[in-house]
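Just data-v4.txt here, compact mmCIF, C-alpha atoms:
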```
# COMPACT_ATOMS: atom_id res chain seq x y z
CA MET C 1 154.66 93.18 151.85
CA ASN C 2 153.16 94.19 155.20
CA ARG C 3 149.75 94.83 153.70
CA GLU C 4 149.73 91.39 152.04
CA ILE C 5 150.65 89.64 155.30
CA LYS C 6 148.03 91.55 157.29
CA ALA C 7 145.49 90.69 154.59
CA LEU C 8 146.48 87.03 154.92
CA GLY C 9 145.78 87.15 158.67
CA ALA C 10 142.41 88.75 158.05
CA ALA C 11 141.60 86.20 155.34
CA VAL C 12 142.33 83.30 157.71
CA CYS C 13 140.18 84.87 160.44
CA VAL C 14 137.24 85.59 158.10
CA SER C 15 137.44 82.07 156.59
CA ALA C 16 137.47 80.43 160.01
CA ALA C 17 134.58 82.60 161.20
CA SER C 18 132.58 81.86 158.04
CA LEU C 19 133.17 78.12 158.34
CA SER C 20 132.19 78.17 162.02
CA GLY C 21 129.10 80.20 161.19
CA MET C 22 128.03 77.74 158.50
CA LEU C 23 128.58 74.75 160.81
CA VAL C 24 126.48 76.41 163.51
CA PHE C 25 123.81 77.18 160.89
CA ALA C 26 123.91 73.51 159.81
CA GLN C 27 123.40 72.42 163.42
CA VAL C 28 120.42 74.76 163.81
CA VAL C 29 118.87 73.47 160.55
CA ARG C 30 119.50 69.85 161.63
CA ASN C 31 117.90 70.38 165.03
CA LYS C 32 114.87 72.08 163.48
CA ALA C 33 114.49 69.29 160.93
CA ARG C 34 114.73 66.64 163.65
CA ALA C 35 112.10 68.37 165.75
CA THR C 36 109.57 68.37 162.92
CA SER C 37 110.48 65.07 161.25
CA HIS C 38 108.12 62.09 161.14
CA GLU C 39 111.24 60.00 161.74
CA GLN C 40 111.34 61.16 165.34
CA PRO C 41 110.30 58.12 167.33
CA ALA C 42 106.64 58.19 168.30
CA ASP C 43 105.84 57.18 171.85
CA GLU C 44 105.64 53.43 172.25
CA SER C 45 102.12 53.33 173.65
CA TRP C 46 100.84 51.61 170.49
CA GLN C 47 102.92 48.58 171.43
CA LEU C 48 100.69 48.03 174.48
CA TRP C 49 97.83 47.59 172.05
CA LYS C 50 99.74 45.58 169.50
CA PRO C 51 97.50 42.54 169.02
CA GLU C 52 98.24 39.18 167.48
CA PRO C 53 97.50 39.54 163.77
CA THR C 54 94.46 37.26 163.80
CA PRO C 55 92.03 37.37 160.82
CA ASP C 56 89.62 39.36 162.99
CA VAL C 57 92.21 42.03 163.84
CA ILE C 58 93.32 42.23 160.20
CA ALA C 59 89.70 42.64 159.11
CA LYS C 60 89.23 45.50 161.62
CA GLY C 61 92.41 47.10 160.31
CA GLY C 62 91.11 46.66 156.75
CA LYS C 63 87.94 48.59 157.59
CA LEU C 64 89.98 51.40 159.11
CA PHE C 65 92.19 51.36 156.06
CA LEU C 66 89.20 51.77 153.71
CA ASN C 67 87.94 54.73 155.75
CA SER C 68 91.22 56.58 156.25
CA CYS C 69 93.85 55.42 153.77
CA ALA C 70 92.20 53.97 150.67
CA HIS C 71 91.54 57.28 148.92
CA CYS C 72 95.30 57.85 148.65
CA HIS C 73 96.77 54.33 148.71
CA GLY C 74 93.96 52.69 146.72
CA ALA C 75 91.24 50.35 147.98
CA ASP C 76 93.53 47.38 147.30
CA ALA C 77 96.54 49.27 148.80
CA ARG C 78 98.28 48.95 145.45
CA GLY C 79 98.97 52.66 145.44
CA ASP C 80 97.31 55.64 143.84
CA GLU C 81 98.36 59.08 145.01
CA GLY C 82 100.25 57.38 147.83
CA PRO C 83 102.60 54.41 147.39
CA ASP C 84 101.86 50.68 147.15
CA LEU C 85 101.80 49.27 150.70
CA HIS C 86 102.43 45.61 149.87
CA ASP C 87 105.55 44.01 151.35
CA LEU C 88 106.80 47.18 153.03
CA GLN C 89 110.50 46.88 153.81
CA MET C 90 110.43 48.89 157.03
CA SER C 91 109.98 48.27 160.73
CA ASP C 92 106.64 48.26 162.56
CA ARG C 93 107.88 51.24 164.50
CA HIS C 94 108.58 53.21 161.33
CA ILE C 95 105.15 52.40 159.89
CA VAL C 96 103.48 53.53 163.12
CA ASN C 97 105.60 56.70 163.11
CA VAL C 98 104.44 57.55 159.62
CA ILE C 99 100.77 56.87 160.47
CA LYS C 100 100.94 58.89 163.68
CA LYS C 101 103.12 61.79 162.54
CA GLY C 102 102.52 61.88 158.78
CA ILE C 103 105.06 63.07 156.22
CA LYS C 104 105.40 66.80 155.74
CA GLY C 105 103.83 67.84 152.45
CA GLU C 106 102.92 64.26 151.54
CA MET C 107 100.75 62.58 154.13
CA PRO C 108 98.67 63.89 157.04
CA SER C 109 99.04 62.75 160.64
CA PHE C 110 96.45 60.28 161.92
CA ALA C 111 97.36 60.50 165.59
CA LYS C 112 94.20 62.42 166.47
CA LYS C 113 91.88 60.45 164.21
CA HIS C 114 92.86 56.97 165.41
CA SER C 115 93.61 55.57 168.85
CA ASP C 116 96.74 53.52 169.53
CA ALA C 117 94.62 50.36 169.40
CA GLU C 118 93.29 51.29 165.96
CA ILE C 119 96.75 52.16 164.69
CA ALA C 120 97.94 48.75 165.88
CA GLU C 121 95.08 47.16 163.89
CA LEU C 122 96.02 49.23 160.85
CA LEU C 123 99.59 48.00 161.26
CA ALA C 124 98.38 44.40 161.38
CA TYR C 125 96.41 44.97 158.17
CA VAL C 126 99.34 46.63 156.37
CA ARG C 127 101.63 43.79 157.48
CA SER C 128 99.17 41.27 156.04
CA LEU C 129 99.55 42.79 152.57
CA LYS C 130 101.87 40.42 150.73
CA ASP C 131 102.98 40.85 147.17
CA ASP C 132 101.99 37.63 145.39
CA SER C 133 104.34 38.41 142.56
CA THR C 134 107.46 38.15 144.73
CA PRO C 135 109.67 35.20 143.82
CA ALA C 136 109.33 33.69 147.31
CA ASN C 137 105.59 33.26 146.79
CA ASP C 138 105.82 32.05 143.24
CA PRO C 139 105.01 28.41 142.73
CA PRO C 140 108.09 26.34 141.92
CA MET T 1 104.67 76.87 151.79
CA ASP T 2 107.51 74.54 150.87
CA ILE T 3 110.52 76.48 149.60
CA PRO T 4 112.22 74.71 146.64
CA TRP T 5 115.71 74.67 148.18
CA ALA T 6 116.96 72.17 145.61
CA LYS T 7 116.20 74.61 142.78
CA ILE T 8 117.59 77.57 144.71
CA HIS T 9 120.76 75.59 145.45
CA GLY T 10 121.11 74.59 141.81
CA ALA T 11 120.71 78.20 140.70
CA SER T 12 122.98 79.77 143.32
CA THR T 13 125.91 77.35 143.03
CA HIS T 14 126.65 78.30 139.43
CA LEU T 15 127.59 81.85 140.40
CA PRO T 16 130.70 81.06 142.50
CA LEU T 17 131.49 78.08 140.27
CA ALA T 18 131.74 80.22 137.15
CA LEU T 19 133.22 83.29 138.82
CA ALA T 20 136.03 81.44 140.62
CA GLY T 21 137.33 79.98 137.36
CA CYS T 22 136.88 83.27 135.47
CA SER T 23 138.67 85.21 138.21
CA TRP T 24 141.69 82.93 137.98
CA LEU T 25 141.77 83.21 134.19
CA PHE T 26 141.53 87.03 134.23
CA ASP T 27 144.15 87.31 136.97
CA MET T 28 146.50 84.96 135.13
CA ALA T 29 146.11 87.00 131.97
CA GLY T 30 146.64 90.21 133.93
CA PHE T 31 149.72 88.70 135.59
CA ALA T 32 151.16 87.76 132.19
CA LEU T 33 150.45 91.22 130.75
CA VAL T 34 151.58 93.12 133.83
CA ARG T 35 153.51 95.78 131.91
CA ARG T 36 150.55 96.75 129.73
CA PRO T 37 147.46 98.76 130.72
CA THR T 38 145.35 95.80 129.64
CA GLY T 39 146.99 93.75 132.38
CA GLN T 40 145.69 96.10 135.10
CA GLN T 41 142.22 96.05 133.59
CA LEU T 42 142.26 92.26 133.53
CA ASN T 43 143.32 92.22 137.19
CA LEU T 44 140.45 94.57 137.97
CA VAL T 45 138.02 92.09 136.40
CA GLY T 46 139.72 89.28 138.36
CA TYR T 47 139.32 91.34 141.54
CA TRP T 48 135.57 91.89 141.14
CA THR T 49 134.85 88.37 139.98
CA MET T 50 136.69 86.98 143.02
CA LEU T 51 134.76 89.27 145.37
CA LEU T 52 131.47 88.18 143.84
CA ALA T 53 132.56 84.52 143.93
CA GLY T 54 133.37 84.88 147.65
CA LEU T 55 130.00 86.50 148.36
CA GLY T 56 128.20 83.98 146.17
CA THR T 57 129.47 81.04 148.20
CA PHE T 58 127.26 82.01 151.16
CA PRO T 59 123.84 81.58 149.50
CA ALA T 60 125.17 78.52 147.65
CA VAL T 61 126.30 76.74 150.84
CA ALA T 62 123.36 77.95 152.94
CA SER T 63 120.79 76.74 150.40
CA GLY T 64 122.60 73.38 150.22
CA LEU T 65 122.39 73.04 154.01
CA LEU T 66 118.70 73.92 153.96
CA MET T 67 118.10 71.45 151.13
CA THR T 68 119.82 68.57 152.94
CA LYS T 69 118.38 69.58 156.33
CA GLY T 70 121.82 70.39 157.75
CA ASP T 71 123.99 67.55 156.47
CA VAL T 72 127.63 68.63 156.42
CA LEU T 73 129.17 65.34 155.19
CA ASP T 74 126.65 62.49 154.76
CA HIS T 75 127.70 59.51 152.55
CA ASP T 76 128.27 58.27 148.98
CA LEU T 77 127.96 60.97 146.31
CA VAL T 78 126.88 63.60 148.83
CA LEU T 79 130.03 62.91 150.84
CA PHE T 80 132.23 63.38 147.75
CA HIS T 81 130.34 66.61 146.99
CA HIS T 82 130.88 67.89 150.53
CA LEU T 83 134.57 66.93 150.59
CA PHE T 84 135.05 69.46 147.77
CA VAL T 85 132.52 72.01 148.99
CA TRP T 86 133.97 72.81 152.41
CA PRO T 87 137.60 73.40 151.36
CA ALA T 88 136.36 75.40 148.35
CA PHE T 89 134.14 77.52 150.60
CA VAL T 90 136.97 78.27 153.04
CA LEU T 91 139.43 79.10 150.25
CA LEU T 92 137.02 81.30 148.28
CA VAL T 93 136.03 83.31 151.35
CA GLY T 94 139.71 83.68 152.31
CA LEU T 95 140.78 84.65 148.81
CA ALA T 96 137.97 87.22 148.49
CA THR T 97 138.90 88.73 151.86
CA TRP T 98 142.59 88.89 150.96
CA ARG T 99 141.81 90.47 147.62
CA ALA T 100 139.36 92.96 149.12
CA ILE T 101 142.10 94.22 151.43
CA VAL T 102 145.02 94.12 149.00
CA GLY T 103 143.09 95.57 146.04
CA ALA T 104 142.91 94.81 142.34
CA THR T 105 146.67 94.95 141.82
CA THR T 106 149.71 94.53 144.02
CA THR T 107 153.36 95.33 143.49
CA GLN T 108 154.29 92.15 145.34
CA ARG T 109 154.64 89.69 142.46
CA ARG T 110 155.53 86.76 144.70
CA ALA T 111 152.49 87.29 146.94
CA PHE T 112 150.31 87.46 143.84
CA CYS T 113 151.88 84.21 142.56
CA TYR T 114 150.81 82.48 145.79
CA TYR T 115 147.35 84.04 145.43
CA LEU T 116 147.07 82.67 141.89
CA ALA T 117 148.13 79.20 143.02
CA VAL T 118 145.53 79.18 145.81
CA SER T 119 142.80 80.62 143.57
CA PHE T 120 143.54 77.88 141.00
CA THR T 121 143.15 75.28 143.79
CA ALA T 122 139.85 76.90 144.84
CA ALA T 123 138.60 76.92 141.24
CA VAL T 124 139.46 73.21 140.88
CA LEU T 125 137.78 72.38 144.19
CA VAL T 126 134.60 74.28 143.37
CA ALA T 127 134.52 72.60 139.95
CA GLY T 128 134.89 69.22 141.69
CA ALA T 129 132.00 70.11 144.00
CA GLY T 130 129.92 70.99 140.93
CA TYR T 131 130.91 67.72 139.24
CA TRP T 132 129.76 65.60 142.20
CA GLY T 133 126.61 67.70 142.51
CA GLY T 134 125.85 66.87 138.88
CA GLU T 135 126.56 63.19 139.51
CA MET T 136 123.95 63.28 142.30
CA LEU T 137 121.38 64.70 139.89
CA LEU T 138 122.16 61.96 137.35
CA ALA T 139 121.97 59.26 140.04
CA ASN T 140 118.46 60.45 140.98
```
Spit out the file's structure as structure tokens when you get a sec.
Amino acid sequence: MNREIKALGAAVCVSAASLSGMLVFAQVVRNKARATSHEQPADESWQLWKPEPTPDVIAKGGKLFLNSCAHCHGADARGDEGPDLHDLQMSDRHIVNVIKKGIKGEMPSFAKKHSDAEIAELLAYVRSLKDDSTPANDPP
Amino acid sequence: MDIPWAKIHGASTHLPLALAGCSWLFDMAGFALVRRPTGQQLNLVGYWTMLLAGLGTFPAVASGLLMTKGDVLDHDLVLFHHLFVWPAFVLLVGLATWRAIVGATTTQRRAFCYYLAVSFTAAVLVAGAGYWGGEMLLAN
């Protein structure tokens, strides 16, 4: 019976070590994913440039959109290779994060191509895109 | 290059899932036929299948962690999946270690009874993990 009891002790030790090892591995993977994720908060400098969404600002954002975004999201932003951008259910901060940092394997980063002021104009344009087919906008 | 961790996880999880159940079945049959030579041969199959199941849990769990970017619990269906995965992982590694030390057969019938009870629990847990993993696929 001695061998079985010693084996039990070894089994408990190996199990505990394996579980600890996997949890440490999970932590390493999590940290690496966080470091490269577009969901990491971008710096807030764009907020300094965040203008009132006047028609002029939205028009500027629209021009930027046609130059940088339309070939994936469609000229009307109804989606093509990229998704439809009307009535986005996400925060301004998240939208700016995605524009600035991109999405790995899906969308490039535009942090170097556009200044914070331009990204704020793009945000104003994207926010102006309302889905006319939503019930709230339907005529009674 | 993006590594398809979801596919690797799907492929690697079926090894311990199938082997854990088979090991219990072979060991039960060997336990029932202990006085016959066939019983020892069945235990030998149970021994190797358990060792392979124990080894197979590592790529299965590691690929799952890489797929989910290090989530160890999460929520909803993933949480249910993980609540089965972690106990199954610990038990399978422990059982494989115990068996590797004790060998294919043991004269200690009572110790082997306990082993069979724990390996049945591990087989049920790993099957539960597989069930919730399948539910996640159906939900998506």
| query | If we count only C-alpha atoms, which residues of chain C reach to within 8 Å of chain T? Please list them as a list in words. | reply | Met1, Arg3, Glu4, Ala7, Leu8, Ala10, Ala11, Val12, Val14, Ser15, Ala16, Ser18, Leu19, Met22, Leu23, Phe25, Ala26, Gln27, Val28, Val29, Arg30, Ala33 and Gly105 of chain C
| Neighbour residues at most 12 Å from (129.7, 70.5, 148.3) (only C-alpha atoms) as a VMD selection string | chain T and resid 9 to 10 13 17 57 60 to 65 67 to 68 71 to 75 77 to 90 125 to 136
Give me a file of those residues, with C-alpha atoms, as an mmCIF file, in the coordinates of the input.
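The resulting result-v6.cif:
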```cif
data_model
loop_
_atom_site.group_PDB
_atom_site.id
_atom_site.type_symbol
_atom_site.label_atom_id
_atom_site.label_comp_id
_atom_site.auth_asym_id
_atom_site.auth_seq_id
_atom_site.Cartn_x
_atom_site.Cartn_y
_atom_site.Cartn_z
ATOM 1 C CA HIS T 9 120.760 75.590 145.450
ATOM 2 C CA GLY T 10 121.110 74.590 141.810
ATOM 3 C CA THR T 13 125.910 77.350 143.030
ATOM 4 C CA LEU T 17 131.490 78.080 140.270
ATOM 5 C CA THR T 57 129.470 81.040 148.200
ATOM 6 C CA ALA T 60 125.170 78.520 147.650
ATOM 7 C CA VAL T 61 126.300 76.740 150.840
ATOM 8 C CA ALA T 62 123.360 77.950 152.940
ATOM 9 C CA SER T 63 120.790 76.740 150.400
ATOM 10 C CA GLY T 64 122.600 73.380 150.220
ATOM 11 C CA LEU T 65 122.390 73.040 154.010
ATOM 12 C CA MET T 67 118.100 71.450 151.130
ATOM 13 C CA THR T 68 119.820 68.570 152.940
ATOM 14 C CA ASP T 71 123.990 67.550 156.470
ATOM 15 C CA VAL T 72 127.630 68.630 156.420
ATOM 16 C CA LEU T 73 129.170 65.340 155.190
ATOM 17 C CA ASP T 74 126.650 62.490 154.760
ATOM 18 C CA HIS T 75 127.700 59.510 152.550
ATOM 19 C CA LEU T 77 127.960 60.970 146.310
ATOM 20 C CA VAL T 78 126.880 63.600 148.830
ATOM 21 C CA LEU T 79 130.030 62.910 150.840
ATOM 22 C CA PHE T 80 132.230 63.380 147.750
ATOM 23 C CA HIS T 81 130.340 66.610 146.990
ATOM 24 C CA HIS T 82 130.880 67.890 150.530
ATOM 25 C CA LEU T 83 134.570 66.930 150.590
ATOM 26 C CA PHE T 84 135.050 69.460 147.770
ATOM 27 C CA VAL T 85 132.520 72.010 148.990
ATOM 28 C CA TRP T 86 133.970 72.810 152.410
ATOM 29 C CA PRO T 87 137.600 73.400 151.360
ATOM 30 C CA ALA T 88 136.360 75.400 148.350
ATOM 31 C CA PHE T 89 134.140 77.520 150.600
ATOM 32 C CA VAL T 90 136.970 78.270 153.040
ATOM 33 C CA LEU T 125 137.780 72.380 144.190
ATOM 34 C CA VAL T 126 134.600 74.280 143.370
ATOM 35 C CA ALA T 127 134.520 72.600 139.950
ATOM 36 C CA GLY T 128 134.890 69.220 141.690
ATOM 37 C CA ALA T 129 132.000 70.110 144.000
ATOM 38 C CA GLY T 130 129.920 70.990 140.930
ATOM 39 C CA TYR T 131 130.910 67.720 139.240
ATOM 40 C CA TRP T 132 129.760 65.600 142.200
ATOM 41 C CA GLY T 133 126.610 67.700 142.510
ATOM 42 C CA GLY T 134 125.850 66.870 138.880
ATOM 43 C CA GLU T 135 126.560 63.190 139.510
ATOM 44 C CA MET T 136 123.950 63.280 142.300
#
```
| said: Report as a ChimeraX atom specification all protein, DNA and RNA residues lying within 7 Å of range 55-60 of chain C, evaluated on only C-alpha atoms, omitting residues in the same chain fewer than 6 positions from it. | reply: /C:121,124-125
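Put simply, CA of Cys72 in chain C is 29.4 Å away from CA of Leu138 in chain T.
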| query | For the point (129.8, 89.2, 143.0) in file coordinates, what residues are within 12 Å, counting only C-alpha atoms? Give the answer as number ranges by chain? | reply | T: 12, 14-20, 22-23, 45-59, 92-93, 96, 100
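Picture a line from CA of Pro37 in chain T to CA of Thr105 in chain T; it runs 11.8 Å.
CA of Asn43 in chain T sits 6.2 Å away from CA of Phe26 in chain T.
Counting all atoms listed in the file and comparing C:Pro108, C:Gly61, C:Gly82, C:Gly102, the residue that lies closest to Arg127 in chain C is C:Gly61.
Counting all atoms listed in the file and comparing C:Thr54, C:Asn67, C:Ser91, C:His86, the residue that lies closest to Phe110 in chain C is C:Asn67.
With all atoms listed in the file as the basis for measurement, C:Lys101 is the residue among C:Asp76, C:Lys101, C:Ala117, C:Met107 that approaches Thr36 in chain C most closely.
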Reconstruct N, CA, C and O atoms of range 108-132 of chain T from the incomplete input and present them as a PDB file, in the coordinates of the input.
```
ATOM      1  N   GLN T 108     153.600  93.352 144.846  1.00  0.00           N
ATOM      2  CA  GLN T 108     154.290  92.150 145.340  1.00  0.00           C
ATOM      3  C   GLN T 108     153.980  90.971 144.421  1.00  0.00           C
ATOM      4  O   GLN T 108     152.970  90.289 144.584  1.00  0.00           O
ATOM      5  N   ARG T 109     154.870  90.746 143.468  1.00  0.00           N
ATOM      6  CA  ARG T 109     154.640  89.690 142.460  1.00  0.00           C
ATOM      7  C   ARG T 109     154.593  88.305 143.097  1.00  0.00           C
ATOM      8  O   ARG T 109     153.803  87.455 142.720  1.00  0.00           O
ATOM      9  N   ARG T 110     155.483  88.102 144.089  1.00  0.00           N
ATOM     10  CA  ARG T 110     155.530  86.760 144.700  1.00  0.00           C
ATOM     11  C   ARG T 110     154.221  86.463 145.451  1.00  0.00           C
ATOM     12  O   ARG T 110     153.673  85.372 145.334  1.00  0.00           O
ATOM     13  N   ALA T 111     153.747  87.472 146.198  1.00  0.00           N
ATOM     14  CA  ALA T 111     152.490  87.290 146.940  1.00  0.00           C
ATOM     15  C   ALA T 111     151.350  86.989 145.959  1.00  0.00           C
ATOM     16  O   ALA T 111     150.496  86.136 146.229  1.00  0.00           O
ATOM     17  N   PHE T 112     151.378  87.672 144.815  1.00  0.00           N
ATOM     18  CA  PHE T 112     150.310  87.460 143.840  1.00  0.00           C
ATOM     19  C   PHE T 112     150.431  86.074 143.188  1.00  0.00           C
ATOM     20  O   PHE T 112     149.420  85.460 142.832  1.00  0.00           O
ATOM     21  N   CYS T 113     151.676  85.584 143.068  1.00  0.00           N
ATOM     22  CA  CYS T 113     151.880  84.210 142.560  1.00  0.00           C
ATOM     23  C   CYS T 113     151.206  83.198 143.491  1.00  0.00           C
ATOM     24  O   CYS T 113     150.524  82.277 143.034  1.00  0.00           O
ATOM     25  N   TYR T 114     151.451  83.383 144.810  1.00  0.00           N
ATOM     26  CA  TYR T 114     150.810  82.480 145.790  1.00  0.00           C
ATOM     27  C   TYR T 114     149.285  82.580 145.678  1.00  0.00           C
ATOM     28  O   TYR T 114     148.580  81.583 145.735  1.00  0.00           O
ATOM     29  N   TYR T 115     148.798  83.819 145.557  1.00  0.00           N
ATOM     30  CA  TYR T 115     147.350  84.040 145.430  1.00  0.00           C
ATOM     31  C   TYR T 115     146.807  83.265 144.221  1.00  0.00           C
ATOM     32  O   TYR T 115     145.772  82.604 144.317  1.00  0.00           O
ATOM     33  N   LEU T 116     147.528  83.359 143.106  1.00  0.00           N
ATOM     34  CA  LEU T 116     147.070  82.670 141.890  1.00  0.00           C
ATOM     35  C   LEU T 116     147.046  81.154 142.081  1.00  0.00           C
ATOM     36  O   LEU T 116     146.135  80.475 141.608  1.00  0.00           O
ATOM     37  N   ALA T 117     148.074  80.651 142.779  1.00  0.00           N
ATOM     38  CA  ALA T 117     148.130  79.200 143.020  1.00  0.00           C
ATOM     39  C   ALA T 117     146.932  78.755 143.879  1.00  0.00           C
ATOM     40  O   ALA T 117     146.279  77.745 143.585  1.00  0.00           O
ATOM     41  N   VAL T 118     146.642  79.544 144.925  1.00  0.00           N
ATOM     42  CA  VAL T 118     145.530  79.180 145.810  1.00  0.00           C
ATOM     43  C   VAL T 118     144.187  79.355 145.090  1.00  0.00           C
ATOM     44  O   VAL T 118     143.273  78.541 145.243  1.00  0.00           O
ATOM     45  N   SER T 119     144.082  80.411 144.272  1.00  0.00           N
ATOM     46  CA  SER T 119     142.800  80.620 143.570  1.00  0.00           C
ATOM     47  C   SER T 119     142.580  79.531 142.513  1.00  0.00           C
ATOM     48  O   SER T 119     141.442  79.137 142.260  1.00  0.00           O
ATOM     49  N   PHE T 120     143.677  79.017 141.936  1.00  0.00           N
ATOM     50  CA  PHE T 120     143.540  77.880 141.000  1.00  0.00           C
ATOM     51  C   PHE T 120     143.019  76.657 141.760  1.00  0.00           C
ATOM     52  O   PHE T 120     142.113  75.955 141.301  1.00  0.00           O
ATOM     53  N   THR T 121     143.603  76.412 142.948  1.00  0.00           N
ATOM     54  CA  THR T 121     143.150  75.280 143.790  1.00  0.00           C
ATOM     55  C   THR T 121     141.666  75.433 144.117  1.00  0.00           C
ATOM     56  O   THR T 121     140.898  74.464 144.034  1.00  0.00           O
ATOM     57  N   ALA T 122     141.270  76.660 144.492  1.00  0.00           N
ATOM     58  CA  ALA T 122     139.850  76.900 144.840  1.00  0.00           C
ATOM     59  C   ALA T 122     138.957  76.657 143.631  1.00  0.00           C
ATOM     60  O   ALA T 122     137.881  76.067 143.762  1.00  0.00           O
ATOM     61  N   ALA T 123     139.407  77.111 142.451  1.00  0.00           N
ATOM     62  CA  ALA T 123     138.600  76.920 141.240  1.00  0.00           C
ATOM     63  C   ALA T 123     138.442  75.431 140.925  1.00  0.00           C
ATOM     64  O   ALA T 123     137.365  74.979 140.536  1.00  0.00           O
ATOM     65  N   VAL T 124     139.523  74.663 141.122  1.00  0.00           N
ATOM     66  CA  VAL T 124     139.460  73.210 140.880  1.00  0.00           C
ATOM     67  C   VAL T 124     138.507  72.552 141.888  1.00  0.00           C
ATOM     68  O   VAL T 124     137.684  71.706 141.528  1.00  0.00           O
ATOM     69  N   LEU T 125     138.633  72.961 143.151  1.00  0.00           N
ATOM     70  CA  LEU T 125     137.780  72.380 144.190  1.00  0.00           C
ATOM     71  C   LEU T 125     136.298  72.684 143.942  1.00  0.00           C
ATOM     72  O   LEU T 125     135.443  71.804 144.082  1.00  0.00           O
ATOM     73  N   VAL T 126     136.010  73.917 143.591  1.00  0.00           N
ATOM     74  CA  VAL T 126     134.600  74.280 143.370  1.00  0.00           C
ATOM     75  C   VAL T 126     134.067  73.574 142.114  1.00  0.00           C
ATOM     76  O   VAL T 126     132.896  73.171 142.071  1.00  0.00           O
ATOM     77  N   ALA T 127     134.946  73.369 141.130  1.00  0.00           N
ATOM     78  CA  ALA T 127     134.520  72.600 139.950  1.00  0.00           C
ATOM     79  C   ALA T 127     134.252  71.146 140.325  1.00  0.00           C
ATOM     80  O   ALA T 127     133.295  70.535 139.847  1.00  0.00           O
ATOM     81  N   GLY T 128     135.098  70.599 141.204  1.00  0.00           N
ATOM     82  CA  GLY T 128     134.890  69.220 141.690  1.00  0.00           C
ATOM     83  C   GLY T 128     133.575  69.105 142.446  1.00  0.00           C
ATOM     84  O   GLY T 128     132.829  68.137 142.271  1.00  0.00           O
ATOM     85  N   ALA T 129     133.277  70.119 143.269  1.00  0.00           N
ATOM     86  CA  ALA T 129     132.000  70.110 144.000  1.00  0.00           C
ATOM     87  C   ALA T 129     130.833  70.118 143.014  1.00  0.00           C
ATOM     88  O   ALA T 129     129.844  69.402 143.186  1.00  0.00           O
ATOM     89  N   GLY T 130     130.964  70.930 141.964  1.00  0.00           N
ATOM     90  CA  GLY T 130     129.920  70.990 140.930  1.00  0.00           C
ATOM     91  C   GLY T 130     129.786  69.664 140.203  1.00  0.00           C
ATOM     92  O   GLY T 130     128.676  69.210 139.916  1.00  0.00           O
ATOM     93  N   TYR T 131     130.939  69.010 139.939  1.00  0.00           N
ATOM     94  CA  TYR T 131     130.910  67.720 139.240  1.00  0.00           C
ATOM     95  C   TYR T 131     130.123  66.689 140.066  1.00  0.00           C
ATOM     96  O   TYR T 131     129.231  66.010 139.550  1.00  0.00           O
ATOM     97  N   TRP T 132     130.445  66.597 141.360  1.00  0.00           N
ATOM     98  CA  TRP T 132     129.760  65.600 142.200  1.00  0.00           C
ATOM     99  C   TRP T 132     128.304  65.975 142.423  1.00  0.00           C
ATOM    100  O   TRP T 132     127.441  65.105 142.580  1.00  0.00           O
TER     101      TRP T 132
END
```
